[in-house]
Amino acid sequence: VLNQLSAKGETINRYSMNVQEGLDTYALDNQLEGRVSTGPVKHRAVLGFDYFRSTLAQGEYWDPNAPSLSLLNPQYNMYIPTPSTQLTSAYQQMDQYGLYLQDQMKWKRLVLVLSGRQDWAVSTLSNRLKNTRTQLNNSAETGRAAILYESSIGLSPYASVSSSFVPNLGVGRSGDVFTPTTGLQEEVGVKYKPNGINSFTTLSLYNIDEKHVLVTDPVNTAYQTETGKIRSRGVEVEERADLGWGFSFIGTFTYDDVKNIRSNPSSTVNKVPIAVPSVVGSVWLDYTHKFGVDQAVGIGGGFRY
C-alpha cells in the first residue's frame with residue numbers, strides 16, 4: 001500500500017496489509033397481495049414482512065516497514081513478508097426486520113402509489129482484541145409517494161419522492177460500528193410506450209441526498225469512515241425494444257454529478273467520492289427461440305461502460 005513520497009521525491013514509502021474476511025447473509029421476504037375496487041378507484045395493495053441477517057468476521061494485519069518503491073528504477077517483484085501485527089479481530093452480526101405496506105391506486109388514466117415501511121436493525125460487534133461487546137439499535141420510518149398520468153398517445157409523465165434506510169456493516173479505524181445510511185430521493189420524468197410498437201423508453205431527472213455514507217478514510221485508506229452528506233444529481237435514459245425475429249434490446253445511459261456537500265475533513269467538500277463514475281452506459285442484446293407455448297432457449301450478451 002502506497003504511503004508517502006520521500007523528501008527527494010524519488011521513492012515511495014509503503015506498508016503492507018493483510019485482510020481476512022468472511023461474510024454470510026440470509027434473507028427472507030413474505031408478501032400478501034390483494035386487488036379491490038372502491039368505486040371508480042382500483043387498488044393493488046401489498047403487505048409484506050422481510051428479515052435480513054448478515055455476519056461479518058474480520059481480521060486485519062499490517063507491517064509498517066514494507067520495502068519502498070523507487071520511481072526512477074521501480075522493482076515490482078520484491079518479496080514482501082506477510083504482515084504479523086494484528087490491528088483488528090472482530091465479529092459483527094446484524095439483524096434487520098422490515099414491515100411494509102403499499103397501495104397502487106388507479107383512477108381512469110391517473111396512477112398514485114403510496115407506501116410506508118418500518119425498519120428495526122440490531123448490530124452487535126464483538127472486538128476480540130479488546131474483549132469488548134457493543135450493540136447498536138436503530139429504527140426508521142421510510143416511505144414513497146409517486147404519481148403518473150397515462151396519456152392516450154403513450155406518454156406518461158411522473159414524479160416521485162422516497163426515503164431510504166440502510167444499515168452498514170463493518171467497523172471504522174477506531175473500532176466503532178457505523179451509523180446506518182439514510183437518504184431522500186426526488187425524481188421526475190416521462191415514460192413513452194408508442195402505440196402498436198413493442199418498445200419502452202424512460203427519461204428521468206433525479207436528486208438524491210444521503211447521510212452517513214461510507215467513504216475511504218483519509219487518515220488510513222485501509223479503513224472506511226462516515227461522511228456527512230453526499231448529493232447525487234443526474235439524468236438517466238433507458239430504452240427497451242423488441243426488434244422482432246426473437247431479438248430484444250436494452251440500452252441505458254446515466255450522467256451522475258456526485259459531490260460531498262458536508263464532510264469531515266472540510267477539504268473534501270465539493271469533491272467527488274472515490275470510485276464514483278460520472279458517466280455510465282450499457283447495451284444488451286438478447287435472442288430467444290421458442291418451442292411451442294411454454295418452452296424456449298435464449299442467449300444474450302452486452303457490455304457496460
# chains A, B, ... in the order shown; residues from 1 in each chain; ligands from 1
>>> residues_around(residues="range 36-41 of chain A", least_positions_apart="2", cutoff="9 Å", atoms="only C-alpha atoms", output="tab-separated table (two decimals) with all heavy atoms, in the first residue's frame")
chain	number	residue	atom	x	y	z
A	34	GLY	N	-53.37	-8.01	-2.60
A	34	GLY	CA	-54.81	-8.00	-2.80
A	34	GLY	C	-55.23	-6.94	-3.80
A	34	GLY	O	-54.61	-5.86	-3.87
A	43	HIS	N	-57.51	-0.63	-6.63
A	43	HIS	CA	-56.39	-0.72	-5.71
A	43	HIS	C	-55.63	-2.03	-5.94
A	43	HIS	O	-56.24	-3.08	-6.15
A	43	HIS	CB	-56.87	-0.69	-4.25
A	43	HIS	CG	-57.58	0.57	-3.88
A	43	HIS	ND1	-56.96	1.61	-3.22
A	43	HIS	CD2	-58.87	0.95	-4.08
A	43	HIS	CE1	-57.84	2.58	-3.02
A	43	HIS	NE2	-59.00	2.21	-3.53
A	44	ARG	N	-54.31	-1.92	-5.85
A	44	ARG	CA	-53.45	-3.10	-5.82
A	44	ARG	C	-52.53	-2.94	-4.60
A	44	ARG	O	-51.55	-2.20	-4.64
A	44	ARG	CB	-52.63	-3.21	-7.10
A	44	ARG	CG	-51.73	-4.45	-7.14
A	44	ARG	CD	-51.00	-4.54	-8.46
A	44	ARG	NE	-50.12	-5.70	-8.51
A	44	ARG	CZ	-49.36	-6.03	-9.55
A	44	ARG	NH1	-49.38	-5.27	-10.64
A	44	ARG	NH2	-48.58	-7.09	-9.51
A	45	ALA	N	-52.89	-3.60	-3.52
A	45	ALA	CA	-52.21	-3.41	-2.24
A	45	ALA	C	-51.28	-4.58	-1.95
A	45	ALA	O	-51.60	-5.74	-2.25
A	45	ALA	CB	-53.22	-3.25	-1.11
A	105	MET	N	-53.00	2.87	-6.60
A	105	MET	CA	-54.37	3.24	-6.93
A	105	MET	C	-54.45	3.81	-8.34
A	105	MET	O	-53.59	4.60	-8.74
A	105	MET	CB	-54.87	4.30	-5.92
A	105	MET	CG	-54.94	3.79	-4.49
A	105	MET	SD	-54.95	5.13	-3.28
A	105	MET	CE	-53.20	5.49	-3.18
A	106	LYS	N	-55.47	3.38	-9.09
A	106	LYS	CA	-55.65	3.85	-10.45
A	106	LYS	C	-57.08	4.35	-10.65
A	106	LYS	O	-58.04	3.64	-10.35
A	106	LYS	CB	-55.33	2.74	-11.45
A	106	LYS	CG	-55.38	3.21	-12.91
A	106	LYS	CD	-54.91	2.14	-13.87
A	106	LYS	CE	-54.89	2.65	-15.30
A	106	LYS	NZ	-54.42	1.63	-16.26
A	107	TRP	N	-57.17	5.58	-11.12
A	107	TRP	CA	-58.46	6.19	-11.45
A	107	TRP	C	-58.37	6.74	-12.86
A	107	TRP	O	-57.61	7.66	-13.12
A	107	TRP	CB	-58.79	7.29	-10.45
A	107	TRP	CG	-60.07	8.01	-10.77
A	107	TRP	CD1	-61.33	7.49	-10.73
A	107	TRP	CD2	-60.20	9.36	-11.22
A	107	TRP	NE1	-62.25	8.44	-11.12
A	107	TRP	CE2	-61.58	9.61	-11.42
A	107	TRP	CE3	-59.29	10.39	-11.46
A	107	TRP	CZ2	-62.06	10.83	-11.85
A	107	TRP	CZ3	-59.77	11.62	-11.90
A	107	TRP	CH2	-61.14	11.83	-12.09
A	108	LYS	N	-59.10	6.10	-13.77
A	108	LYS	CA	-59.04	6.44	-15.19
A	108	LYS	C	-57.59	6.34	-15.68
A	108	LYS	O	-57.01	5.27	-15.70
A	108	LYS	CB	-59.66	7.81	-15.45
A	108	LYS	CG	-61.15	7.86	-15.13
A	108	LYS	CD	-61.75	9.21	-15.46
A	108	LYS	CE	-63.25	9.22	-15.17
A	108	LYS	NZ	-63.85	10.54	-15.48
>>> residues_around(residues="Gly281 in chain A", least_positions_apart="4", cutoff="7 Å", atoms="only C-alpha atoms", output="MDAnalysis selection string")
chainID A and resid 252:254 304:305
>>> closest_residue(among="A:Ser282, A:Asn260, A:Gln135, A:Asn195", to="Thr227 in chain A", atoms="only C-alpha atoms")
A:Asn260
>>> residues_around(residues="Ile250 in chain A", least_positions_apart="4", cutoff="10 Å", atoms="only C-alpha atoms", output="PyMOL selection string")
chain A and resi 199-201+238-242+282-286+302
>>> residues_around(residues="Leu155 in chain A", least_positions_apart="3", cutoff="12 Å", atoms="only C-alpha atoms", output="CSV table (one decimal) with all heavy atoms, in the first residue's frame")
chain,number,residue,atom,x,y,z
A,109,ARG,N,-57.0,7.5,-16.0
A,109,ARG,CA,-55.6,7.4,-16.5
A,109,ARG,C,-54.6,7.9,-15.5
A,109,ARG,O,-53.4,8.0,-15.8
A,109,ARG,CB,-55.4,8.3,-17.8
A,109,ARG,CG,-56.2,7.8,-19.0
A,109,ARG,CD,-55.9,8.7,-20.2
A,109,ARG,NE,-56.6,8.1,-21.4
A,109,ARG,CZ,-56.1,7.2,-22.2
A,109,ARG,NH1,-55.0,6.7,-21.9
A,109,ARG,NH2,-56.8,6.8,-23.2
A,148,LEU,N,-48.4,9.3,-11.6
A,148,LEU,CA,-48.2,9.1,-13.0
A,148,LEU,C,-49.5,9.3,-13.8
A,148,LEU,O,-50.5,8.8,-13.3
A,148,LEU,CB,-47.6,7.7,-13.3
A,148,LEU,CG,-47.3,7.3,-14.8
A,148,LEU,CD1,-46.0,6.5,-14.8
A,148,LEU,CD2,-48.4,6.5,-15.3
A,149,TYR,N,-49.4,9.9,-15.0
A,149,TYR,CA,-50.5,10.1,-15.8
A,149,TYR,C,-50.3,9.4,-17.2
A,149,TYR,O,-49.3,9.7,-17.8
A,149,TYR,CB,-50.8,11.6,-16.1
A,149,TYR,CG,-52.0,11.8,-17.0
A,149,TYR,CD1,-53.3,11.6,-16.5
A,149,TYR,CD2,-51.8,12.1,-18.3
A,149,TYR,CE1,-54.4,11.8,-17.4
A,149,TYR,CE2,-52.9,12.3,-19.2
A,149,TYR,CZ,-54.2,12.2,-18.7
A,149,TYR,OH,-55.3,12.3,-19.5
A,150,GLU,N,-51.2,8.5,-17.5
A,150,GLU,CA,-51.1,7.7,-18.8
A,150,GLU,C,-51.9,8.4,-19.9
A,150,GLU,O,-53.1,8.4,-19.8
A,150,GLU,CB,-51.6,6.3,-18.6
A,150,GLU,CG,-50.8,5.5,-17.5
A,150,GLU,CD,-51.4,4.1,-17.3
A,150,GLU,OE1,-52.6,3.9,-17.6
A,150,GLU,OE2,-50.7,3.2,-16.9
A,151,SER,N,-51.2,9.1,-20.8
A,151,SER,CA,-51.9,9.8,-21.9
A,151,SER,C,-52.3,8.8,-23.0
A,151,SER,O,-51.8,7.7,-23.0
A,151,SER,CB,-51.0,10.9,-22.4
A,151,SER,OG,-49.9,10.3,-23.2
A,152,SER,N,-53.1,9.2,-23.8
A,152,SER,CA,-53.6,8.4,-24.9
A,152,SER,C,-52.6,8.2,-26.0
A,152,SER,O,-52.7,7.3,-26.8
A,152,SER,CB,-54.9,9.0,-25.5
A,152,SER,OG,-54.6,10.3,-26.0
A,158,TYR,N,-44.3,11.5,-14.9
A,158,TYR,CA,-44.5,11.0,-13.5
A,158,TYR,C,-43.5,11.9,-12.6
A,158,TYR,O,-42.6,12.5,-13.0
A,158,TYR,CB,-44.1,9.6,-13.4
A,158,TYR,CG,-42.6,9.3,-13.5
A,158,TYR,CD1,-41.8,9.2,-12.4
A,158,TYR,CD2,-42.1,9.0,-14.8
A,158,TYR,CE1,-40.4,8.9,-12.5
A,158,TYR,CE2,-40.7,8.8,-14.9
A,158,TYR,CZ,-39.9,8.7,-13.8
A,158,TYR,OH,-38.6,8.5,-13.9
A,189,GLY,N,-39.9,12.6,-14.4
A,189,GLY,CA,-39.5,12.0,-15.7
A,189,GLY,C,-40.7,11.7,-16.6
A,189,GLY,O,-41.9,12.1,-16.2
A,190,VAL,N,-40.5,11.0,-17.7
A,190,VAL,CA,-41.5,10.7,-18.6
A,190,VAL,C,-41.2,9.3,-19.1
A,190,VAL,O,-40.1,8.9,-19.4
A,190,VAL,CB,-41.6,11.7,-19.7
A,190,VAL,CG1,-40.4,11.8,-20.5
A,190,VAL,CG2,-42.8,11.4,-20.6
A,191,LYS,N,-42.3,8.5,-19.3
A,191,LYS,CA,-42.2,7.1,-19.9
A,191,LYS,C,-43.0,7.2,-21.2
A,191,LYS,O,-44.0,7.8,-21.3
A,191,LYS,CB,-42.8,6.1,-19.0
A,191,LYS,CG,-42.1,6.0,-17.6
A,191,LYS,CD,-42.9,5.0,-16.7
A,191,LYS,CE,-42.3,5.0,-15.3
A,191,LYS,NZ,-41.0,4.3,-15.2
A,192,TYR,N,-42.4,6.5,-22.2
A,192,TYR,CA,-43.1,6.6,-23.5
A,192,TYR,C,-43.2,5.2,-24.1
A,192,TYR,O,-42.2,4.5,-24.3
A,192,TYR,CB,-42.3,7.4,-24.5
A,192,TYR,CG,-42.9,7.5,-25.9
A,192,TYR,CD1,-44.2,7.9,-26.0
A,192,TYR,CD2,-42.1,7.2,-27.0
A,192,TYR,CE1,-44.8,8.0,-27.3
A,192,TYR,CE2,-42.7,7.2,-28.3
A,192,TYR,CZ,-44.0,7.6,-28.4
A,192,TYR,OH,-44.6,7.7,-29.7
A,193,LYS,N,-44.4,4.7,-24.3
A,193,LYS,CA,-44.7,3.4,-25.0
A,193,LYS,C,-45.5,3.7,-26.2
A,193,LYS,O,-46.8,3.9,-26.1
A,193,LYS,CB,-45.4,2.5,-24.0
A,193,LYS,CG,-45.4,1.1,-24.6
A,193,LYS,CD,-46.1,0.1,-23.5
A,193,LYS,CE,-46.0,-1.3,-24.0
A,193,LYS,NZ,-46.5,-1.5,-25.4
A,194,PRO,N,-45.0,3.8,-27.4
A,194,PRO,CA,-45.7,4.1,-28.6
A,194,PRO,C,-46.8,3.0,-28.9
A,194,PRO,O,-46.5,1.8,-28.7
A,194,PRO,CB,-44.7,4.2,-29.7
A,194,PRO,CG,-43.5,3.4,-29.2
A,194,PRO,CD,-43.5,3.6,-27.7
A,195,ASN,N,-47.9,3.5,-29.4
A,195,ASN,CA,-49.0,2.5,-29.7
A,195,ASN,C,-48.6,1.7,-30.9
A,195,ASN,O,-48.1,2.2,-31.9
A,195,ASN,CB,-50.3,3.3,-30.1
A,195,ASN,CG,-50.8,4.1,-28.9
A,195,ASN,OD1,-50.7,3.6,-27.7
A,195,ASN,ND2,-51.3,5.3,-29.1
A,200,PHE,N,-40.2,0.6,-25.1
A,200,PHE,CA,-40.5,1.3,-23.9
A,200,PHE,C,-39.3,2.2,-23.6
A,200,PHE,O,-38.2,1.7,-23.5
A,200,PHE,CB,-40.8,0.4,-22.8
A,200,PHE,CG,-41.3,1.0,-21.5
A,200,PHE,CD1,-42.6,1.4,-21.5
A,200,PHE,CD2,-40.5,1.3,-20.5
A,200,PHE,CE1,-43.2,2.0,-20.3
A,200,PHE,CE2,-41.0,1.9,-19.3
A,200,PHE,CZ,-42.3,2.2,-19.3
A,201,THR,N,-39.5,3.5,-23.5
A,201,THR,CA,-38.5,4.5,-23.2
A,201,THR,C,-38.8,5.2,-21.9
A,201,THR,O,-39.9,5.7,-21.7
A,201,THR,CB,-38.3,5.5,-24.4
A,201,THR,OG1,-38.1,4.8,-25.6
A,201,THR,CG2,-37.1,6.4,-24.1
A,202,THR,N,-37.7,5.4,-21.1
A,202,THR,CA,-37.8,6.2,-19.9
A,202,THR,C,-36.8,7.3,-19.8
A,202,THR,O,-35.6,7.0,-20.0
A,202,THR,CB,-37.7,5.3,-18.6
A,202,THR,OG1,-38.7,4.3,-18.7
A,202,THR,CG2,-37.9,6.1,-17.4
A,203,LEU,N,-37.1,8.5,-19.5
A,203,LEU,CA,-36.2,9.6,-19.3
A,203,LEU,C,-36.5,10.2,-17.9
A,203,LEU,O,-37.7,10.5,-17.6
A,203,LEU,CB,-36.4,10.7,-20.3
A,203,LEU,CG,-35.6,12.0,-20.1
A,203,LEU,CD1,-34.1,11.8,-20.1
A,203,LEU,CD2,-36.0,13.0,-21.1
>>> closest_residue(among="A:Ala90, A:Leu47, A:Ile208, A:Ala145", to="Thr132 in chain A", atoms="only C-alpha atoms")
A:Ala90
>>> atom_distance(atom1="CA of Asp24 in chain A", atom2="CA of Tyr91 in chain A")
11.6 Å
>>> residues_around(residues="range 211-222 of chain A", least_positions_apart="6", cutoff="10 Å", atoms="only C-alpha atoms", output="short mmCIF file (atom, residue, chain, number, x, y, z; two decimals) with N, CA, C and O atoms, in the first residue's frame")
data_model
loop_
_atom_site.label_atom_id
_atom_site.label_comp_id
_atom_site.auth_asym_id
_atom_site.auth_seq_id
_atom_site.Cartn_x
_atom_site.Cartn_y
_atom_site.Cartn_z
N VAL A 1 0.85 -1.18 0.00
CA VAL A 1 0.00 0.00 0.00
C VAL A 1 0.89 1.23 0.00
O VAL A 1 1.81 1.34 0.81
N LEU A 2 0.65 2.17 -0.94
CA LEU A 2 1.43 3.40 -1.02
C LEU A 2 1.16 4.27 0.19
O LEU A 2 0.02 4.46 0.60
N ASN A 3 2.21 4.84 0.76
CA ASN A 3 2.08 5.61 1.99
C ASN A 3 2.39 7.08 1.75
O ASN A 3 1.51 7.92 1.77
N MET A 17 -0.58 -4.71 4.03
CA MET A 17 -1.81 -5.07 4.75
C MET A 17 -2.23 -6.48 4.36
O MET A 17 -2.05 -6.90 3.22
N ASN A 18 -2.80 -7.18 5.32
CA ASN A 18 -3.40 -8.49 5.06
C ASN A 18 -4.77 -8.49 5.73
O ASN A 18 -4.88 -8.37 6.95
N VAL A 19 -5.81 -8.56 4.91
CA VAL A 19 -7.18 -8.50 5.42
C VAL A 19 -7.86 -9.83 5.14
O VAL A 19 -7.88 -10.31 4.00
N GLU A 60 -7.46 -8.03 10.50
CA GLU A 60 -6.56 -7.21 9.72
C GLU A 60 -5.17 -7.21 10.35
O GLU A 60 -5.02 -7.08 11.57
N TRP A 62 -0.96 -5.75 9.67
CA TRP A 62 -0.19 -4.80 8.89
C TRP A 62 1.27 -4.81 9.31
O TRP A 62 1.64 -5.28 10.39
N PHE A 165 -33.34 3.78 4.18
CA PHE A 165 -32.62 3.46 5.42
C PHE A 165 -31.86 2.17 5.18
O PHE A 165 -32.47 1.15 4.84
N VAL A 166 -30.51 2.21 5.30
CA VAL A 166 -29.69 1.04 5.03
C VAL A 166 -28.64 0.92 6.14
O VAL A 166 -27.74 1.75 6.23
N ASN A 168 -25.23 -0.32 7.95
CA ASN A 168 -23.91 -0.55 7.38
C ASN A 168 -23.14 -1.58 8.19
O ASN A 168 -23.10 -1.51 9.42
N LEU A 169 -22.51 -2.51 7.48
CA LEU A 169 -21.64 -3.49 8.11
C LEU A 169 -20.21 -2.95 8.19
O LEU A 169 -19.82 -2.07 7.44
N GLY A 170 -19.42 -3.52 9.09
CA GLY A 170 -18.02 -3.17 9.19
C GLY A 170 -17.75 -2.24 10.35
O GLY A 170 -18.67 -1.76 11.04
N GLY A 172 -14.96 1.05 11.80
CA GLY A 172 -14.03 2.09 11.41
C GLY A 172 -12.66 1.90 12.04
O GLY A 172 -12.38 0.92 12.71
N ARG A 173 -11.81 2.90 11.81
CA ARG A 173 -10.43 2.83 12.30
C ARG A 173 -10.37 2.75 13.82
O ARG A 173 -9.48 2.12 14.39
N PHE A 178 -20.71 1.45 12.36
CA PHE A 178 -21.15 2.57 11.54
C PHE A 178 -22.63 2.87 11.75
O PHE A 178 -23.44 1.98 11.99
N THR A 179 -22.97 4.15 11.60
CA THR A 179 -24.36 4.58 11.62
C THR A 179 -25.03 4.20 10.31
O THR A 179 -24.40 4.25 9.25
N PRO A 180 -26.31 3.82 10.30
CA PRO A 180 -26.99 3.49 9.04
C PRO A 180 -27.02 4.69 8.08
O PRO A 180 -27.06 5.85 8.50
N THR A 181 -26.99 4.38 6.80
CA THR A 181 -27.11 5.41 5.76
C THR A 181 -28.59 5.71 5.52
O THR A 181 -29.40 4.81 5.34
N THR A 182 -28.93 6.99 5.52
CA THR A 182 -30.30 7.41 5.23
C THR A 182 -30.29 8.32 4.00
O THR A 182 -29.29 9.02 3.74
N GLY A 183 -31.38 8.31 3.26
CA GLY A 183 -31.41 9.09 2.03
C GLY A 183 -32.79 9.59 1.68
O GLY A 183 -33.81 9.09 2.19
N LEU A 184 -32.81 10.60 0.81
CA LEU A 184 -34.06 11.16 0.29
C LEU A 184 -33.87 11.38 -1.20
O LEU A 184 -32.89 12.00 -1.63
N GLY A 228 -20.35 13.26 5.94
CA GLY A 228 -21.55 13.95 6.42
C GLY A 228 -22.74 13.81 5.50
O GLY A 228 -23.80 13.32 5.88
N LYS A 229 -22.56 14.22 4.22
CA LYS A 229 -23.69 14.20 3.30
C LYS A 229 -23.17 14.18 1.86
O LYS A 229 -22.23 14.91 1.52
N ILE A 230 -23.77 13.34 1.04
CA ILE A 230 -23.41 13.24 -0.38
C ILE A 230 -24.66 13.54 -1.21
O ILE A 230 -25.75 13.05 -0.90
N ARG A 231 -24.48 14.33 -2.24
CA ARG A 231 -25.59 14.67 -3.13
C ARG A 231 -25.31 14.16 -4.53
O ARG A 231 -24.23 14.37 -5.08
N ASN A 260 -19.48 15.55 -2.32
CA ASN A 260 -19.59 15.71 -0.87
C ASN A 260 -20.06 17.13 -0.59
O ASN A 260 -19.40 18.08 -1.01
N ARG A 262 -21.23 17.91 2.70
CA ARG A 262 -20.89 18.11 4.11
C ARG A 262 -19.99 16.97 4.53
O ARG A 262 -20.36 15.79 4.41
N SER A 263 -18.77 17.27 4.98
CA SER A 263 -17.80 16.22 5.20
C SER A 263 -16.78 16.64 6.25
O SER A 263 -16.63 17.82 6.55
N ASN A 264 -16.10 15.64 6.79
CA ASN A 264 -15.00 15.85 7.71
C ASN A 264 -13.85 14.95 7.25
O ASN A 264 -13.99 13.72 7.25
N PRO A 265 -12.72 15.50 6.79
CA PRO A 265 -12.35 16.92 6.87
C PRO A 265 -13.06 17.78 5.83
O PRO A 265 -13.54 17.28 4.82
N THR A 268 -12.62 17.97 1.78
CA THR A 268 -13.25 17.09 0.79
C THR A 268 -14.62 17.59 0.35
O THR A 268 -15.26 16.95 -0.48
N PRO A 273 -16.57 11.67 -4.44
CA PRO A 273 -16.12 10.49 -3.67
C PRO A 273 -15.36 9.52 -4.56
O PRO A 273 -15.56 9.47 -5.78
N ILE A 274 -14.47 8.75 -3.93
CA ILE A 274 -13.63 7.82 -4.68
C ILE A 274 -14.48 6.72 -5.35
O ILE A 274 -15.51 6.29 -4.82
N ALA A 275 -14.07 6.33 -6.56
CA ALA A 275 -14.67 5.20 -7.29
C ALA A 275 -16.14 5.42 -7.63
O ALA A 275 -16.93 4.49 -7.68
#
>>> residues_around(residues="Gly234 in chain A", least_positions_apart="4", cutoff="6 Å", atoms="only C-alpha atoms", output="PyMOL selection string")
chain A and resi 205-206+255-257
>>> residues_around(residues="Arg144 in chain A", least_positions_apart="6", cutoff="9 Å", atoms="only C-alpha atoms", output="PyMOL selection string")
chain A and resi 102+113-117+160-163
>>> atom_distance(atom1="CA of Thr88 in chain A", atom2="CA of Gly59 in chain A")
5.3 Å
>>> closest_residue(among="A:Ser126, A:Ser54, A:Ser6, A:Asn131", to="Leu69 in chain A", atoms="only C-alpha atoms")
A:Ser6
>>> closest_residue(among="A:Asp294, A:Ser139, A:Leu101, A:Arg14", to="Ile80 in chain A", atoms="only C-alpha atoms")
A:Arg14
>>> select_by_dssp(residues="range 81-191 of chain A", states="strand (DSSP E)", output="count of residues only")
82
>>> decode(residues="range 246-257 of chain A", atoms="N, CA, C and O atoms", output="PDB file, in the first residue's frame")
ATOM      1  N   GLY A 246     -37.213 -12.718 -32.619  1.00  0.00           N
ATOM      2  CA  GLY A 246     -36.662 -13.242 -31.384  1.00  0.00           C
ATOM      3  C   GLY A 246     -35.632 -12.361 -30.707  1.00  0.00           C
ATOM      4  O   GLY A 246     -35.113 -12.717 -29.637  1.00  0.00           O
ATOM      5  N   PHE A 247     -35.300 -11.212 -31.285  1.00  0.00           N
ATOM      6  CA  PHE A 247     -34.284 -10.329 -30.726  1.00  0.00           C
ATOM      7  C   PHE A 247     -34.923  -9.226 -29.876  1.00  0.00           C
ATOM      8  O   PHE A 247     -35.967  -8.666 -30.243  1.00  0.00           O
ATOM      9  N   SER A 248     -34.271  -8.905 -28.748  1.00  0.00           N
ATOM     10  CA  SER A 248     -34.688  -7.792 -27.901  1.00  0.00           C
ATOM     11  C   SER A 248     -33.460  -7.000 -27.477  1.00  0.00           C
ATOM     12  O   SER A 248     -32.340  -7.529 -27.417  1.00  0.00           O
ATOM     13  N   PHE A 249     -33.682  -5.729 -27.170  1.00  0.00           N
ATOM     14  CA  PHE A 249     -32.583  -4.801 -26.917  1.00  0.00           C
ATOM     15  C   PHE A 249     -32.862  -3.997 -25.656  1.00  0.00           C
ATOM     16  O   PHE A 249     -34.001  -3.576 -25.399  1.00  0.00           O
ATOM     17  N   ILE A 250     -31.810  -3.786 -24.847  1.00  0.00           N
ATOM     18  CA  ILE A 250     -31.881  -2.902 -23.683  1.00  0.00           C
ATOM     19  C   ILE A 250     -30.661  -1.991 -23.719  1.00  0.00           C
ATOM     20  O   ILE A 250     -29.527  -2.466 -23.833  1.00  0.00           O
ATOM     21  N   GLY A 251     -30.891  -0.697 -23.628  1.00  0.00           N
ATOM     22  CA  GLY A 251     -29.802   0.271 -23.595  1.00  0.00           C
ATOM     23  C   GLY A 251     -30.047   1.303 -22.511  1.00  0.00           C
ATOM     24  O   GLY A 251     -31.181   1.755 -22.322  1.00  0.00           O
ATOM     25  N   THR A 252     -29.003   1.681 -21.772  1.00  0.00           N
ATOM     26  CA  THR A 252     -29.130   2.675 -20.712  1.00  0.00           C
ATOM     27  C   THR A 252     -27.971   3.661 -20.774  1.00  0.00           C
ATOM     28  O   THR A 252     -26.866   3.322 -21.217  1.00  0.00           O
ATOM     29  N   PHE A 253     -28.242   4.872 -20.319  1.00  0.00           N
ATOM     30  CA  PHE A 253     -27.212   5.893 -20.188  1.00  0.00           C
ATOM     31  C   PHE A 253     -27.520   6.739 -18.961  1.00  0.00           C
ATOM     32  O   PHE A 253     -28.669   7.156 -18.757  1.00  0.00           O
ATOM     33  N   THR A 254     -26.500   6.998 -18.140  1.00  0.00           N
ATOM     34  CA  THR A 254     -26.669   7.802 -16.932  1.00  0.00           C
ATOM     35  C   THR A 254     -25.526   8.798 -16.815  1.00  0.00           C
ATOM     36  O   THR A 254     -24.356   8.428 -16.970  1.00  0.00           O
ATOM     37  N   TYR A 255     -25.890  10.052 -16.572  1.00  0.00           N
ATOM     38  CA  TYR A 255     -24.910  11.057 -16.175  1.00  0.00           C
ATOM     39  C   TYR A 255     -25.187  11.435 -14.735  1.00  0.00           C
ATOM     40  O   TYR A 255     -26.298  11.849 -14.390  1.00  0.00           O
ATOM     41  N   ASP A 256     -24.181  11.291 -13.872  1.00  0.00           N
ATOM     42  CA  ASP A 256     -24.373  11.462 -12.436  1.00  0.00           C
ATOM     43  C   ASP A 256     -23.339  12.456 -11.896  1.00  0.00           C
ATOM     44  O   ASP A 256     -22.135  12.237 -12.023  1.00  0.00           O
ATOM     45  N   ASP A 257     -23.818  13.548 -11.322  1.00  0.00           N
ATOM     46  CA  ASP A 257     -22.954  14.547 -10.700  1.00  0.00           C
ATOM     47  C   ASP A 257     -23.001  14.318  -9.191  1.00  0.00           C
ATOM     48  O   ASP A 257     -23.986  14.648  -8.533  1.00  0.00           O
TER      49      ASP A 257
END
